[in-house]
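In what follows, a structure is listed as C-alpha cells, so that the remarks can point back to it.
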Amino acid sequence: MPHYVNSADWDPYHSEALTAKQEAYFLAPQWKLMWWKLRRHRLAVIAGLVLALMYASTLVSEVLAPYEQRTRNTQFIFAPPQTMHFFHDGDFVGPFVYGYDVTLNRERMQWEYAENTAKVDRIRFFCRGDPYEFWGMIEADFHLICPAEGGTLFLLGTDRLGRDILSRMIYGARISLTVGLVGIIVSFALGIVIGGLAGYYGGWVDNLINRIIEIFQSFPQLPLWMALSAALPANWSPLLIYFGITIILGLVEWTGLARAVRSKLLALREEDFATAAFLMGASPRRVIFRHLMPSFMSHLIASATLSIPGMILGETALSFLNLGLRPPITSWGVLLNEAQDINAVALYPWLIFPVVPVIVVVLAFQFLGDGLRDAADPYK
C-alpha cells in the first residue's frame with residue numbers, strides 16, 4: 001500500500017501559512033482556546049443559542065405575549081389550545097385559528113369547546129392589542145402577534161380565570177430565568193470568598209470553614225429551602241419576596257462552589273508563580289484574585305452554568321408548593337401551582353404546559369455546561 005508523505009523539506013521560517021496558524025494557536029489566550037474548542041461541541045453551541053434567545057425574550061416579554069398577563073377572557077374559561085392553520089378550504093390564507101363553539105354540559109357542569117370551521121380568525125402581526133406597562137414604566141400596546149379583531153388566540157389554552165397560558169409563560173420566563181442569574185451571583189460571591197480563604201490560608205481557617213460547609217450540606221436541601229422561604233413575612237411586597245427567594249437560593253447553593261475553589265487553591269498556591277508573587281510582596285488578595293483565580297476561572301464558568309438550572313428548579317419547586325413566589329408575580333412555578341389538582345390536570349392537561357420551558361432550560365444549561373467543562377482544558 002503506497003505511503004503518501006510529502007518528502008519536501010519543511011522550513012518553519014518560510015512556510016508562512018503553517019507557521020501563522022501555529023503561532024496563532026500557541027500564542028492564543030486561554031479564552032480564545034476555550035472558544036475554539038467549544039465551537040466544535042455542536043450540542044453546547046445549540047444549547048447556548050437556545051438560552052440566548054430565551055434570555056433575550058425576557059427583555060421584551062410584553063411585546064412577545066399576545067395578551068397582557070392579567071387579561072381575563074371570562075367567556076373562555078379552561079379553553080383548550082387552538083391549532084394554527086395556514087390553508088382554509090384548499091386556499092392559503094396565512095396563519096389563522098378557527099373560533100370556538102362553546103356549549104355548557106349541564107350533566108358534567110363543564111364548558112365544552114369545539115372548532116367552528118366557519119369562523120376564521122386570522123392572526124395579526126406587529127399590531128396593537130392589550131395595553132401594558134413596558135418594564136412597569138412605559139405605557140404601550142404594541143405586540144408582535146395579536147388575535148383577530150373580535151377573535152381569540154389561545155395557542156396553549158386558558159386557565160381557570162380565562163387567562164392565556166402562552167402569554168403568562170412568556171411573562172413568567174422573566175422571573176424564573178433571572179432568579180437563577182441573581183442567585184448565582186450571591187452563590188459565587190460567597191463560594192469564591194469563603195473557599196478562597198480556606199484554600200489560601202489553610203490550617204485552622206480551612207478546618208473551621210470545612211466544618212461550616214459540612215453543617216450546611218448535612219441539611220436536606222428541599223426542607224431547608226421550605227423552612228427559609230416560610231420565614232419570609234407574608235406582608236412583603238412581591239418584589240421583596242422575589243429578592244428574598246433569590247438570596248435564599250444563593251445562601252443554600254454556595255457550599256459546593258466553595259469546596260471546588262478551596263481544592264483548586266490548595267493545589268495552585270504551591271506553584272512557582274504564586275510563590276514568586278508572594279515573595280515580591282503581593283498581598284494575599286492580589287495573589288488570590290490576580291494570579292490564582294484566573295488559573296481556573298474556566299472551571300468556575302462551567303460550574304456556574306451547571307448551578308443555574310438547580311436554582312431555577314428550586315424556585316419552581318418552592319412556588320409549586322406555594323412557599324416561593326406568589327401572585328401577582330408570574331413565574332413558571334406559580335403557573336405550575338395551578339396544576340396541583342390531579343382532577344384539573346386530567347380534565348385540562350394543557351395546564352401542565354409551563355413545565356416544558358423548565359425542562360428545555362435545564363437541559364440547555366446541562367449541555368452548555370458539559371461543553372464548557374470539556375473546553376476548560378483546551379490543551380487536551
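Just so we're on the same page: first chain in the C-alpha cells is A, next is B, and so on; residues restart at 1 for each chain, and ligands are numbered from 1 in the order they show up.
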
Per-residue nearest contacts of region 172-228 of chain A to region 56-60 of chain A (12 Å; only C-alpha atoms) as CSV:
residue,atom,partner,partner_atom,distance
A:Gly172,CA,A:Thr58,CA,8.8
A:Ala173,CA,A:Thr58,CA,6.4
A:Arg174,CA,A:Thr58,CA,4.7
A:Ile175,CA,A:Thr58,CA,8.5
A:Ser176,CA,A:Thr58,CA,9.9
A:Leu177,CA,A:Thr58,CA,8.3
A:Thr178,CA,A:Thr58,CA,8.8

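For Val334 (chain A), the list of residues within 7 Å, based on only C-alpha atoms and with local chain neighbours fewer than 2 positions off taken out, reads Ser319, Phe320, Leu325, Arg326, Thr330, Ser331, Trp332, Leu336 and Asn337 of chain A.
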
Computed interatomic separation between CA of Gly183 (chain A) and CA of Tyr200 (chain A) (Å) =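 Spanning CA of Gly183 (chain A) to CA of Tyr200 (chain A) is a straight-line distance of 25.3 Å.
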
Close residues, Gly310 (chain A) itself excluded, 10 Å, only C-alpha atoms, min 6 positions apart in chain, as a PyMOL selection string | chain A and resi 180+184+249+253+316+362+365

Excluding Trp111 (chain A) and residues on its chain fewer than 4 positions from it, collect all residues at most 10 Å away from it, counting only C-alpha atoms, and give them as a list in words.
->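 So the residues in contact are Gln75, Phe76, Ile77, Phe78, Ala79, Val102, Thr103, Leu104, Asn105 and Arg106 of chain A.
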
What residues in region 143-249 of chain A get the DSSP label alpha helix (DSSP H)? Please answer as number ranges by chain.
-> A: 165-201, 203-218, 221-230, 238-249

Sorted by chain and rising residue number, which residues of region 43-91 of chain A lie within 7 Å of region 129-149 of chain A, and what are their closest atom pairs and distances in Å to one decimal, counting only C-alpha atoms, as a tab-separated table?
residue	atom	partner	partner_atom	distance
A:Glu62	CA	A:Phe134	CA	6.4
A:Val63	CA	A:His143	CA	4.5
A:Leu64	CA	A:Leu144	CA	5.3
A:Ala65	CA	A:His143	CA	6.9
A:Pro66	CA	A:Cys146	CA	5.1
A:Tyr67	CA	A:Asp130	CA	5.9
A:Glu68	CA	A:Asp130	CA	5.8

Write out, as a PDB file, in the first residue's frame, the residues just selected, with N, CA and C atoms.
ATOM      1  N   GLU A  62     -43.395  41.752  27.175  1.00  0.00           N
ATOM      2  CA  GLU A  62     -44.685  42.385  26.919  1.00  0.00           C
ATOM      3  C   GLU A  62     -45.008  42.449  25.428  1.00  0.00           C
ATOM      4  N   VAL A  63     -43.977  42.613  24.610  1.00  0.00           N
ATOM      5  CA  VAL A  63     -44.193  42.706  23.162  1.00  0.00           C
ATOM      6  C   VAL A  63     -44.477  41.324  22.573  1.00  0.00           C
ATOM      7  N   LEU A  64     -43.795  40.295  23.061  1.00  0.00           N
ATOM      8  CA  LEU A  64     -43.944  38.954  22.505  1.00  0.00           C
ATOM      9  C   LEU A  64     -45.274  38.311  22.880  1.00  0.00           C
ATOM     10  N   ALA A  65     -45.809  38.629  24.055  1.00  0.00           N
ATOM     11  CA  ALA A  65     -47.031  37.975  24.525  1.00  0.00           C
ATOM     12  C   ALA A  65     -48.248  38.494  23.764  1.00  0.00           C
ATOM     13  N   PRO A  66     -49.133  37.592  23.301  1.00  0.00           N
ATOM     14  CA  PRO A  66     -50.345  38.054  22.594  1.00  0.00           C
ATOM     15  C   PRO A  66     -51.291  38.853  23.491  1.00  0.00           C
ATOM     16  N   TYR A  67     -51.317  38.511  24.783  1.00  0.00           N
ATOM     17  CA  TYR A  67     -52.200  39.195  25.733  1.00  0.00           C
ATOM     18  C   TYR A  67     -51.360  39.725  26.894  1.00  0.00           C
ATOM     19  N   GLU A  68     -51.897  40.699  27.589  1.00  0.00           N
ATOM     20  CA  GLU A  68     -51.291  41.119  28.856  1.00  0.00           C
ATOM     21  C   GLU A  68     -51.525  40.015  29.876  1.00  0.00           C
TER      22      GLU A  68
END

Give me the residues within 12 Å of region 240-248 of chain A as number ranges by chain, counting only C-alpha atoms and dropping any in the same chain fewer than 5 places off.
-> A: 174-190, 221-222, 224-235, 253-254, 308, 311-312, 314-319, 323-331

Nearby residues (only C-alpha atoms) at most 12 Å from region 374-376 of chain A, same-chain spacing under 2 positions excluded, as a ChimeraX atom specification | /A:30-41,44-45,294-303,367-372,378-380

Writer output for current selection, N, CA and C atoms, as a compact mmCIF listing (two decimals), in the first residue's frame:
# COMPACT_ATOMS: atom_id res chain seq x y z
N GLN A 30 -6.14 31.95 26.86
CA GLN A 30 -6.94 30.80 27.26
C GLN A 30 -8.39 30.93 26.82
N TRP A 31 -8.95 32.15 26.86
CA TRP A 31 -10.35 32.32 26.48
C TRP A 31 -10.56 31.98 25.01
N LYS A 32 -9.59 32.33 24.15
CA LYS A 32 -9.74 32.02 22.73
C LYS A 32 -9.62 30.52 22.49
N LEU A 33 -8.73 29.86 23.22
CA LEU A 33 -8.62 28.41 23.08
C LEU A 33 -9.91 27.72 23.51
N MET A 34 -10.51 28.23 24.59
CA MET A 34 -11.79 27.68 25.03
C MET A 34 -12.86 27.85 23.97
N TRP A 35 -12.91 29.04 23.37
CA TRP A 35 -13.93 29.30 22.36
C TRP A 35 -13.75 28.40 21.14
N TRP A 36 -12.50 28.20 20.70
CA TRP A 36 -12.25 27.32 19.55
C TRP A 36 -12.72 25.90 19.83
N LYS A 37 -12.46 25.44 21.03
CA LYS A 37 -12.88 24.07 21.35
C LYS A 37 -14.38 23.98 21.57
N LEU A 38 -14.97 25.02 22.16
CA LEU A 38 -16.41 25.00 22.40
C LEU A 38 -17.19 24.98 21.09
N ARG A 39 -16.68 25.67 20.06
CA ARG A 39 -17.38 25.71 18.78
C ARG A 39 -17.50 24.33 18.14
N ARG A 40 -16.58 23.43 18.49
CA ARG A 40 -16.66 22.08 17.94
C ARG A 40 -17.67 21.21 18.67
N HIS A 41 -18.16 21.69 19.81
CA HIS A 41 -19.18 20.96 20.57
C HIS A 41 -20.54 21.45 20.10
N ALA A 44 -23.49 21.88 22.59
CA ALA A 44 -23.32 23.01 23.51
C ALA A 44 -23.59 24.33 22.81
N VAL A 45 -23.19 24.46 21.56
CA VAL A 45 -23.44 25.69 20.82
C VAL A 45 -24.94 25.90 20.61
N PRO A 294 -7.60 33.44 38.07
CA PRO A 294 -7.69 33.28 36.61
C PRO A 294 -7.24 31.91 36.12
N SER A 295 -6.46 31.19 36.94
CA SER A 295 -5.96 29.89 36.50
C SER A 295 -7.06 28.84 36.40
N PHE A 296 -8.16 29.04 37.10
CA PHE A 296 -9.26 28.07 37.00
C PHE A 296 -10.61 28.78 36.83
N MET A 297 -10.58 30.00 36.26
CA MET A 297 -11.82 30.71 36.02
C MET A 297 -12.72 29.96 35.04
N SER A 298 -12.11 29.25 34.09
CA SER A 298 -12.92 28.50 33.13
C SER A 298 -13.73 27.42 33.84
N HIS A 299 -13.16 26.80 34.86
CA HIS A 299 -13.90 25.80 35.63
C HIS A 299 -15.04 26.44 36.41
N LEU A 300 -14.82 27.67 36.89
CA LEU A 300 -15.88 28.36 37.61
C LEU A 300 -17.05 28.68 36.68
N ILE A 301 -16.74 29.06 35.44
CA ILE A 301 -17.81 29.35 34.48
C ILE A 301 -18.62 28.09 34.20
N ALA A 302 -17.94 26.98 34.00
CA ALA A 302 -18.65 25.72 33.78
C ALA A 302 -19.49 25.35 34.99
N SER A 303 -18.95 25.58 36.18
CA SER A 303 -19.70 25.29 37.40
C SER A 303 -20.93 26.17 37.51
N PHE A 367 -26.28 20.87 28.80
CA PHE A 367 -25.47 20.67 27.59
C PHE A 367 -24.41 21.75 27.47
N LEU A 368 -24.78 23.00 27.76
CA LEU A 368 -23.79 24.08 27.68
C LEU A 368 -22.72 23.88 28.74
N GLY A 369 -23.11 23.46 29.95
CA GLY A 369 -22.12 23.21 30.99
C GLY A 369 -21.16 22.09 30.63
N ASP A 370 -21.67 21.04 30.00
CA ASP A 370 -20.79 19.95 29.55
C ASP A 370 -19.79 20.45 28.52
N GLY A 371 -20.28 21.28 27.58
CA GLY A 371 -19.37 21.81 26.58
C GLY A 371 -18.31 22.72 27.16
N LEU A 372 -18.70 23.58 28.11
CA LEU A 372 -17.72 24.45 28.76
C LEU A 372 -16.72 23.66 29.59
N PRO A 378 -8.20 23.44 27.12
CA PRO A 378 -8.05 23.39 25.65
C PRO A 378 -6.88 22.55 25.17
N TYR A 379 -5.92 22.21 26.06
CA TYR A 379 -4.74 21.50 25.61
C TYR A 379 -4.95 19.99 25.57
N LYS A 380 -6.13 19.51 26.01
CA LYS A 380 -6.40 18.08 25.96
C LYS A 380 -6.62 17.64 24.53
